[in-house]
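Raw structure.txt, compact mmCIF, C-alpha atoms and all ligand atoms:
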```txt
# COMPACT_ATOMS: atom_id res chain seq x y z
CA MET Q 1 12.37 -20.64 -5.89
CA LEU Q 2 13.17 -18.09 -8.57
CA ASN Q 3 16.70 -16.74 -8.42
CA LYS Q 4 17.77 -13.19 -9.16
CA ALA Q 5 18.72 -13.88 -12.80
CA GLU Q 6 15.32 -15.49 -13.46
CA ILE Q 7 13.51 -12.60 -11.80
CA ILE Q 8 15.44 -10.12 -13.94
CA ARG Q 9 14.49 -12.08 -17.05
CA LEU Q 10 10.79 -12.18 -16.10
CA LEU Q 11 10.80 -8.46 -15.31
CA SER Q 12 12.46 -7.60 -18.63
CA GLU Q 13 10.51 -9.76 -21.04
CA GLU Q 14 7.26 -8.53 -22.46
CA LYS Q 15 6.80 -11.54 -24.69
CA THR Q 16 6.42 -13.98 -21.79
CA GLN Q 17 4.35 -11.72 -19.57
CA ASP Q 18 0.99 -13.30 -20.38
CA GLU Q 19 2.36 -16.66 -19.26
CA LEU Q 20 3.65 -15.03 -16.07
CA PHE Q 21 0.25 -13.45 -15.35
CA ILE Q 22 -1.56 -16.77 -15.91
CA LYS Q 23 0.87 -18.57 -13.62
CA ALA Q 24 0.53 -15.92 -10.88
CA ASP Q 25 -3.27 -16.11 -11.19
CA SER Q 26 -3.23 -19.88 -10.73
CA VAL Q 27 -0.85 -19.65 -7.74
CA ARG Q 28 -3.18 -17.03 -6.24
CA LYS Q 29 -6.15 -19.33 -6.72
CA GLN Q 30 -4.35 -22.31 -5.24
CA TYR Q 31 -3.03 -20.51 -2.14
CA VAL Q 32 -5.51 -17.75 -1.27
CA GLY Q 33 -8.55 -18.80 -3.26
CA ASP Q 34 -11.16 -16.72 -5.08
CA GLU Q 35 -12.06 -14.44 -2.17
CA ILE Q 36 -11.28 -10.77 -2.46
CA HIS Q 37 -10.82 -8.63 0.63
CA ILE Q 38 -12.19 -5.10 0.33
CA ARG Q 39 -10.40 -2.78 2.74
CA GLY Q 40 -11.87 0.61 3.69
CA LEU Q 41 -9.27 3.37 3.42
CA ILE Q 42 -9.46 6.60 5.43
CA GLU Q 43 -6.96 9.27 4.41
CA PHE Q 44 -7.22 11.28 7.60
CA SER Q 45 -4.53 13.96 7.16
CA ASN Q 46 -2.53 15.27 4.22
CA ILE Q 47 -0.10 17.13 6.48
CA CYS Q 48 3.41 15.72 6.20
CA ARG Q 49 6.79 16.57 7.70
CA ASN Q 50 8.65 14.82 4.88
CA SER Q 51 9.41 15.99 1.40
CA CYS Q 52 9.60 12.91 -0.81
CA LEU Q 53 10.35 14.19 -4.30
CA TYR Q 54 7.58 12.17 -5.98
CA CYS Q 55 4.76 12.80 -3.55
CA GLY Q 56 1.99 15.37 -4.06
CA ILE Q 57 1.48 15.92 -0.32
CA ARG Q 58 5.20 16.55 0.37
CA SER Q 59 5.79 19.35 2.85
CA GLY Q 60 7.43 21.42 0.11
CA ASN Q 61 4.24 21.60 -1.94
CA ASN Q 62 2.52 24.85 -0.98
CA LYS Q 63 -0.05 24.60 -3.78
CA ILE Q 64 -2.40 22.26 -1.95
CA SER Q 65 -4.77 23.01 0.92
CA ARG Q 66 -4.02 20.99 3.99
CA TYR Q 67 -6.58 19.19 6.15
CA ARG Q 68 -6.82 17.04 9.22
CA MET Q 69 -9.95 15.11 10.02
CA SER Q 70 -11.15 15.33 13.62
CA GLU Q 71 -11.03 12.27 15.86
CA GLU Q 72 -14.80 12.17 15.81
CA ASP Q 73 -14.93 12.38 12.05
CA ILE Q 74 -12.41 9.54 11.64
CA ILE Q 75 -14.31 7.31 14.07
CA ASN Q 76 -17.69 8.08 12.43
CA THR Q 77 -16.29 7.41 8.95
CA ALA Q 78 -14.95 4.05 10.14
CA GLN Q 79 -18.19 3.20 11.92
CA SER Q 80 -20.42 3.78 8.92
CA ALA Q 81 -18.06 1.73 6.71
CA ILE Q 82 -18.18 -1.13 9.22
CA ASN Q 83 -21.97 -0.91 9.25
CA ASN Q 84 -21.84 -1.24 5.46
CA GLY Q 85 -19.83 -4.46 5.55
CA PHE Q 86 -16.14 -3.49 5.63
CA LYS Q 87 -14.04 -5.90 7.72
CA THR Q 88 -10.80 -3.91 7.67
CA ILE Q 89 -10.23 -0.20 8.19
CA VAL Q 90 -6.96 1.21 6.88
CA MET Q 91 -5.93 4.57 8.33
CA GLN Q 92 -3.37 6.42 6.23
CA SER Q 93 -1.88 9.91 6.46
CA GLY Q 94 1.16 12.00 5.83
CA GLU Q 95 3.69 11.93 8.67
CA ASP Q 96 1.61 14.23 10.84
CA ILE Q 97 2.83 14.32 14.43
CA TYR Q 98 -0.28 16.23 15.52
CA PHE Q 99 -1.71 12.71 15.78
CA THR Q 100 0.19 11.85 18.93
CA LYS Q 101 0.41 8.40 20.43
CA ASP Q 102 -2.53 9.14 22.75
CA LYS Q 103 -4.76 10.55 19.99
CA MET Q 104 -4.10 7.57 17.74
CA CYS Q 105 -4.74 5.13 20.59
CA ARG Q 106 -8.09 6.75 21.37
CA ILE Q 107 -9.14 6.45 17.73
CA ILE Q 108 -7.96 2.84 17.46
CA GLU Q 109 -9.74 1.84 20.68
CA ALA Q 110 -13.01 3.42 19.57
CA ILE Q 111 -12.96 1.66 16.19
CA LYS Q 112 -11.92 -1.64 17.77
CA LYS Q 113 -15.18 -1.80 19.71
CA ASN Q 114 -16.36 -3.39 16.46
CA ASP Q 115 -15.45 -6.77 15.02
CA VAL Q 116 -12.94 -5.32 12.54
CA ALA Q 117 -9.24 -5.37 11.68
CA ILE Q 118 -7.25 -2.13 11.79
CA THR Q 119 -4.32 -1.30 9.55
CA LEU Q 120 -2.16 1.77 10.08
CA SER Q 121 -0.08 3.50 7.41
CA ILE Q 122 1.29 6.61 9.03
CA GLY Q 123 5.01 6.25 8.47
CA GLU Q 124 7.94 6.21 10.84
CA ARG Q 125 7.22 6.44 14.58
CA SER Q 126 9.02 5.34 17.75
CA TYR Q 127 9.00 1.80 19.11
CA GLU Q 128 6.93 3.03 22.03
CA ASP Q 129 4.30 4.50 19.69
CA TYR Q 130 4.12 1.31 17.63
CA LYS Q 131 3.79 -0.72 20.81
CA SER Q 132 0.97 1.46 22.16
CA PHE Q 133 -0.92 1.35 18.84
CA LYS Q 134 -0.66 -2.43 18.92
CA ASN Q 135 -1.89 -2.62 22.50
CA ALA Q 136 -4.77 -0.30 21.59
CA GLY Q 137 -5.86 -2.82 18.95
CA ALA Q 138 -4.03 -2.12 15.68
CA ASP Q 139 -3.49 -5.38 13.80
CA ARG Q 140 -1.48 -4.47 10.73
CA TYR Q 141 0.94 -1.84 9.48
CA LEU Q 142 1.74 -0.78 5.94
CA MET Q 143 4.98 0.94 5.12
CA ARG Q 144 6.57 0.58 1.75
CA ILE Q 145 10.36 0.45 1.66
CA GLU Q 146 9.89 2.13 -1.78
CA THR Q 147 13.27 0.84 -3.06
CA THR Q 148 16.24 -1.09 -1.68
CA ASP Q 149 18.61 1.05 -3.75
CA LYS Q 150 19.84 3.18 -0.87
CA GLU Q 151 21.41 5.82 -3.06
CA LEU Q 152 18.15 6.27 -4.98
CA TYR Q 153 16.17 6.28 -1.73
CA HIS Q 154 18.27 9.06 -0.25
CA LYS Q 155 18.04 11.07 -3.45
CA LEU Q 156 14.24 10.88 -3.61
CA ASN Q 157 13.58 11.01 0.13
CA PRO Q 158 15.74 13.86 1.39
CA ASN Q 159 16.30 14.06 5.16
CA MET Q 160 15.15 10.48 5.54
CA SER Q 161 17.22 7.40 6.25
CA TRP Q 162 16.72 4.08 4.50
CA GLN Q 163 18.21 2.29 7.51
CA GLN Q 164 15.72 3.93 9.83
CA ARG Q 165 12.76 2.95 7.66
CA TYR Q 166 14.08 -0.60 7.57
CA GLU Q 167 14.47 -0.63 11.35
CA CYS Q 168 10.87 0.57 11.72
CA LEU Q 169 9.76 -2.42 9.65
CA LEU Q 170 11.75 -4.74 11.93
CA MET Q 171 10.19 -3.18 15.03
CA LEU Q 172 6.69 -3.62 13.63
CA LYS Q 173 7.43 -7.24 12.89
CA GLU Q 174 8.82 -7.86 16.35
CA LEU Q 175 5.70 -6.31 17.88
CA GLY Q 176 3.55 -8.86 16.08
CA TYR Q 177 1.87 -6.68 13.47
CA GLU Q 178 0.91 -8.20 10.17
CA LEU Q 179 3.48 -6.39 8.12
CA GLY Q 180 2.86 -4.79 4.76
CA SER Q 181 5.57 -3.29 2.63
CA GLY Q 182 6.28 -2.79 -1.03
CA ILE Q 183 7.77 -0.58 -3.68
CA MET Q 184 7.02 2.03 -6.27
CA VAL Q 185 7.94 0.89 -9.77
CA GLY Q 186 9.53 3.28 -12.27
CA GLN Q 187 11.12 5.79 -9.93
CA PRO Q 188 13.56 7.91 -11.96
CA GLY Q 189 16.91 6.10 -11.87
CA GLN Q 190 15.52 2.77 -10.66
CA THR Q 191 16.85 -0.28 -12.54
CA ILE Q 192 15.35 -3.69 -13.29
CA LYS Q 193 18.17 -5.23 -11.27
CA SER Q 194 17.22 -3.15 -8.25
CA ILE Q 195 13.53 -4.15 -8.60
CA ALA Q 196 14.66 -7.79 -8.56
CA GLU Q 197 16.63 -7.05 -5.38
CA ASP Q 198 13.56 -5.33 -3.89
CA LEU Q 199 11.48 -8.46 -4.48
CA LEU Q 200 14.08 -10.68 -2.82
CA PHE Q 201 14.31 -8.21 0.07
CA LEU Q 202 10.53 -8.36 0.64
CA LYS Q 203 10.66 -12.15 0.57
CA GLU Q 204 13.55 -12.16 3.07
CA LEU Q 205 11.66 -9.74 5.35
CA ASP Q 206 8.83 -12.30 5.25
CA ILE Q 207 6.09 -9.69 4.81
CA ASP Q 208 2.37 -10.48 5.07
CA MET Q 209 1.21 -8.08 2.37
CA ALA Q 210 2.88 -6.43 -0.62
CA GLY Q 211 1.78 -3.14 -2.17
CA ILE Q 212 3.29 -2.56 -5.58
CA GLY Q 213 2.34 0.32 -7.83
CA PRO Q 214 3.73 2.51 -10.61
CA PHE Q 215 5.26 5.93 -9.96
CA ILE Q 216 2.96 8.64 -11.36
CA PRO Q 217 4.45 12.12 -11.78
CA HIS Q 218 2.64 14.91 -9.96
CA LYS Q 219 2.80 18.40 -11.48
CA ASP Q 220 3.57 20.22 -8.24
CA THR Q 221 6.61 18.13 -7.32
CA PRO Q 222 10.28 18.22 -8.39
CA LEU Q 223 9.66 15.06 -10.47
CA ALA Q 224 6.86 16.67 -12.51
CA LYS Q 225 8.71 16.27 -15.81
CA GLU Q 226 9.95 12.71 -15.25
CA LYS Q 227 8.61 9.69 -17.05
CA GLY Q 228 6.11 7.71 -14.99
CA GLY Q 229 6.24 4.00 -14.18
CA ASP Q 230 5.02 1.45 -16.69
CA LEU Q 231 1.77 -0.39 -15.89
CA TYR Q 232 2.95 -3.71 -17.31
CA LEU Q 233 6.32 -3.62 -15.56
CA SER Q 234 4.40 -2.96 -12.33
CA LEU Q 235 2.11 -5.90 -13.07
CA ARG Q 236 5.09 -8.16 -13.81
CA THR Q 237 6.68 -7.08 -10.52
CA MET Q 238 3.45 -7.86 -8.67
CA ALA Q 239 3.00 -11.22 -10.41
CA ILE Q 240 6.56 -12.28 -9.52
CA MET Q 241 5.87 -11.26 -5.92
CA ARG Q 242 2.95 -13.74 -5.95
CA LEU Q 243 5.24 -16.50 -7.22
CA LEU Q 244 7.84 -15.72 -4.54
CA MET Q 245 5.29 -15.48 -1.71
CA PRO Q 246 2.26 -17.53 -2.77
CA ASP Q 247 0.05 -17.05 0.31
CA ILE Q 248 0.43 -13.34 1.15
CA ASN Q 249 -2.14 -10.60 0.59
CA ILE Q 250 -1.48 -8.51 -2.50
CA PRO Q 251 -3.62 -5.48 -3.34
CA ALA Q 252 -4.51 -4.43 -6.85
CA THR Q 253 -3.29 -0.88 -6.33
CA THR Q 254 -5.16 2.31 -7.10
CA ALA Q 255 -2.14 3.70 -8.98
CA MET Q 256 -2.51 0.86 -11.51
CA GLU Q 257 -6.12 1.88 -12.13
CA THR Q 258 -5.13 5.47 -12.87
CA LEU Q 259 -3.00 4.21 -15.79
CA HIS Q 260 -5.67 1.94 -17.27
CA PRO Q 261 -9.46 1.89 -16.80
CA GLN Q 262 -9.26 -1.85 -16.03
CA GLY Q 263 -5.92 -1.69 -14.19
CA ARG Q 264 -7.19 -3.18 -10.95
CA ILE Q 265 -9.15 -5.96 -12.66
CA ILE Q 266 -6.08 -6.92 -14.70
CA ALA Q 267 -4.06 -6.97 -11.44
CA LEU Q 268 -6.69 -9.18 -9.76
CA GLN Q 269 -6.29 -11.62 -12.64
CA SER Q 270 -2.48 -11.53 -12.39
CA GLY Q 271 -1.93 -12.41 -8.74
CA ALA Q 272 -3.72 -9.81 -6.58
CA ASN Q 273 -6.44 -10.68 -4.03
CA VAL Q 274 -7.17 -7.39 -2.22
CA VAL Q 275 -8.64 -4.00 -3.17
CA MET Q 276 -8.96 -0.76 -1.27
CA SER Q 277 -12.07 1.36 -1.38
CA ASN Q 278 -11.56 4.95 -0.37
CA ILE Q 279 -14.13 5.85 2.30
CA THR Q 280 -12.78 9.33 3.00
CA SER Q 281 -15.30 12.11 2.33
CA ALA Q 282 -14.95 13.56 -1.19
CA ASN Q 283 -13.76 16.99 -0.05
CA CYS Q 284 -10.80 15.53 1.90
CA ARG Q 285 -10.11 12.73 -0.56
CA LYS Q 286 -9.45 15.09 -3.42
CA LEU Q 287 -6.84 16.91 -1.31
CA TYR Q 288 -5.00 13.66 -0.53
CA GLU Q 289 -3.38 13.89 -3.93
CA LEU Q 290 -0.27 11.70 -3.74
CA TYR Q 291 -0.45 11.55 -7.54
CA PRO Q 292 -2.92 12.82 -10.17
CA ASN Q 293 -6.15 11.12 -11.27
CA LYS Q 294 -6.57 9.16 -8.06
CA GLU Q 295 -10.14 10.33 -8.05
CA LYS Q 296 -10.77 8.67 -11.43
CA ALA Q 297 -9.99 5.33 -9.81
CA HIS Q 298 -12.45 5.85 -6.96
CA GLU Q 299 -14.71 2.88 -6.34
CA THR Q 300 -17.32 2.19 -3.66
CA TYR Q 301 -17.91 -1.09 -1.84
CA SER Q 302 -20.93 -1.96 -3.98
CA GLY Q 303 -19.10 -0.83 -7.13
CA PHE Q 304 -16.38 -3.34 -6.31
CA VAL Q 305 -18.89 -6.08 -5.54
CA ASN Q 306 -20.39 -5.68 -9.03
CA LYS Q 307 -17.02 -5.65 -10.79
CA LEU Q 308 -15.74 -8.65 -8.85
CA HIS Q 309 -18.88 -10.58 -9.66
CA CYS Q 310 -18.12 -10.10 -13.36
CA ILE Q 311 -14.76 -11.86 -12.99
CA SER Q 312 -16.26 -14.67 -10.89
CA ARG Q 313 -14.60 -13.69 -7.64
CA ILE Q 314 -16.23 -13.67 -4.22
CA VAL Q 315 -16.20 -10.87 -1.66
CA SER Q 316 -14.82 -12.20 1.61
CA ASP Q 317 -16.76 -11.78 4.84
CA THR Q 318 -13.70 -12.41 7.04
CA HIS Q 319 -11.05 -10.00 8.34
CA GLY Q 320 -8.75 -11.33 5.63
CA ASN Q 321 -5.69 -12.01 7.74
CA HIS Q 322 -2.62 -13.50 6.14
CA LYS Q 323 -2.85 -17.27 6.51
CA LYS Q 324 0.58 -18.81 6.23
CA ILE Q 325 0.52 -22.02 4.29
CA ALA Q 326 3.48 -21.80 1.94
N1 LIG G 401 3.21 8.55 5.13
C1 LIG G 401 2.95 7.17 4.92
C2 LIG G 401 2.05 6.93 3.73
C3 LIG G 401 2.71 7.31 2.45
S1 LIG G 401 1.65 7.50 1.05
C4 LIG G 401 4.27 6.43 4.79
O1 LIG G 401 5.31 7.05 4.86
O2 LIG G 401 4.28 5.22 4.66
C5 LIG G 401 1.52 5.83 0.50
C6 LIG G 401 2.37 5.43 -0.70
O3 LIG G 401 2.02 6.18 -1.84
C7 LIG G 401 3.86 5.67 -0.58
O4 LIG G 401 4.47 4.67 0.18
C8 LIG G 401 4.31 5.69 -2.04
O5 LIG G 401 4.80 4.41 -2.44
C9 LIG G 401 3.02 6.01 -2.81
N2 LIG G 401 3.17 7.25 -3.60
C10 LIG G 401 3.50 8.49 -3.17
N3 LIG G 401 3.62 9.34 -4.21
C11 LIG G 401 3.36 8.63 -5.33
C12 LIG G 401 3.36 8.94 -6.73
N4 LIG G 401 3.65 10.16 -7.19
N5 LIG G 401 3.05 7.95 -7.59
C13 LIG G 401 2.75 6.72 -7.15
N6 LIG G 401 2.75 6.35 -5.85
C14 LIG G 401 3.06 7.31 -4.95
```
Can you present the structure in this file as structure tokens?
Amino acid sequence: MLNKAEIIRLLSEEKTQDELFIKADSVRKQYVGDEIHIRGLIEFSNICRNSCLYCGIRSGNNKISRYRMSEEDIINTAQSAINNGFKTIVMQSGEDIYFTKDKMCRIIEAIKKNDVAITLSIGERSYEDYKSFKNAGADRYLMRIETTDKELYHKLNPNMSWQQRYECLLMLKELGYELGSGIMVGQPGQTIKSIAEDLLFLKELDIDMAGIGPFIPHKDTPLAKEKGGDLYLSLRTMAIMRLLMPDINIPATTAMETLHPQGRIIALQSGANVVMSNITSANCRKLYELYPNKEKAHETYSGFVNKLHCISRIVSDTHGNHKKIA
């Protein structure tokens, strides 16, 4: 296995990155094959109690209109996506406590009447909530640790606790969720050494999926004037993740696509095996502005099918669970 010094070298070197990408692509092929899993993403509320300095839907941003989809609307959106072939529904939102345990469970149960996997990405909740969501039928949970540099975390995520986020990840794991986590690359003040530590942390946590994307400054946040994350450093980070955890699910993230018109395709050829298609209605989607130009990266199910065909990859017709073989 790669040690920290080797990871730091691979992260730092541009001249060897093509080799790294080719290696990650071949490890991907060997362990998870040529199938791509297309997940359907519903961004059901942009209301958030937190105020992460980088995020466009932070509670402190009073320049955006806020929305919440109704239960019925969420269930109908999921249903029509399932009818169109999606095998996983991902429900993401700001940390919006209007969606109580009971509301979430009703939504999960309704969607689970179908043969489909459900992923939640709604932030920090209590053990009891996580347990009820699981019993209602949720299969997976996504929550990025963002960074393992605690000082940086507390600077960029005021009023939040790194330890608490970590403990939430442990709870989710104990409850038997497929666990997704990851980081944002290029946060102001983040170092290469700390990215290497993040990768080793994710390996140690034994995650099932890793979401890695560049930081993109949003004009209505305190980090508006900061430099954004680098696409190729993000890709190197993702490719190393594939080498460290050969059989996990790794999405080609939307944030990568906003930095390059082929960002997701490059990622799929450098270790990734998952994409997310946003199935939220256009009027809500454009208000879920975590970062700018997300809309430019929008792709439908059939749009993905065409693009994937061009790079000789197959669209999976399974739920796309993590199969441990490494
Ligand atoms: N409330 C949920 C979902 C957060 S949004 C939670 O707490 O997990 C999903 C991810 O978007 C975040 O984890 C973060 O890594 C990413 N994100 C937020 N703002 C961003 C920005 N400006 N640039 C790039 N990624 C961003």
Considering all atoms listed in the file, give me a table of residues in chain Q that are at most 7 Å from ligand LIG 401 (chain G), with the closest atom pair and distance in Å for each, as CSV.
```
residue,atom,partner,partner_atom,distance
Q:Tyr54,CA,G:LIG401,N4,4.6
Q:Cys55,CA,G:LIG401,N3,3.7
Q:Gly56,CA,G:LIG401,N3,6.2
Q:Gln92,CA,G:LIG401,C2,6.0
Q:Ser93,CA,G:LIG401,N1,5.4
Q:Gly94,CA,G:LIG401,N1,4.1
Q:Glu95,CA,G:LIG401,N1,4.9
Q:Ser121,CA,G:LIG401,C1,5.4
Q:Ile122,CA,G:LIG401,C1,4.5
Q:Gly123,CA,G:LIG401,O1,3.7
Q:Glu124,CA,G:LIG401,O1,6.6
Q:Leu142,CA,G:LIG401,O2,6.6
Q:Met143,CA,G:LIG401,O2,4.4
Q:Arg144,CA,G:LIG401,O4,4.9
Q:Glu146,CA,G:LIG401,O5,5.6
Q:Ile183,CA,G:LIG401,O5,5.9
Q:Met184,CA,G:LIG401,O5,5.0
Q:Gly213,CA,G:LIG401,N6,6.4
Q:Pro214,CA,G:LIG401,C13,5.5
Q:Phe215,CA,G:LIG401,N5,3.8
Q:Ile216,CA,G:LIG401,N5,3.8
Q:Pro217,CA,G:LIG401,N4,5.1
Q:His218,CA,G:LIG401,N4,5.6
Q:Ala255,CA,G:LIG401,C13,6.0
Q:Leu290,CA,G:LIG401,N3,4.6
Q:Tyr291,CA,G:LIG401,N4,4.3
```
From the options Q:Ile22, Q:Leu231, Q:Ile279, Q:Met171, which residue's atoms come nearest to Ile82 of chain Q, counting only C-alpha atoms? Q:Ile279
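Each of Q:Ile266, Q:Leu11, Q:Lys113, Q:Met276 was checked against Thr253 of chain Q using only C-alpha atoms; the smallest atom-to-atom distance is that of Q:Met276.
Of the residues under consideration (Q:Ala224, Q:Ala78, Q:Ala138, Q:Cys168), Q:Ala224 shows the shortest atom-to-atom contact distance to Leu53 of chain Q when counting all atoms listed in the file.
The two atoms in question, atom CA of Arg49 of chain Q and atom CA of Pro292 of chain Q, are spaced 20.7 Å apart.
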Set the distance at 7 Å and use all atoms listed in the file: which residues neighbour segment 318-324 of chain Q once local chain neighbours fewer than 3 positions away are removed? I'd like the list as a list in words. His37, Lys87, Thr88, Val116, Ala117, Asp208, Asp247, Ile248 and Asn249 of chain Q
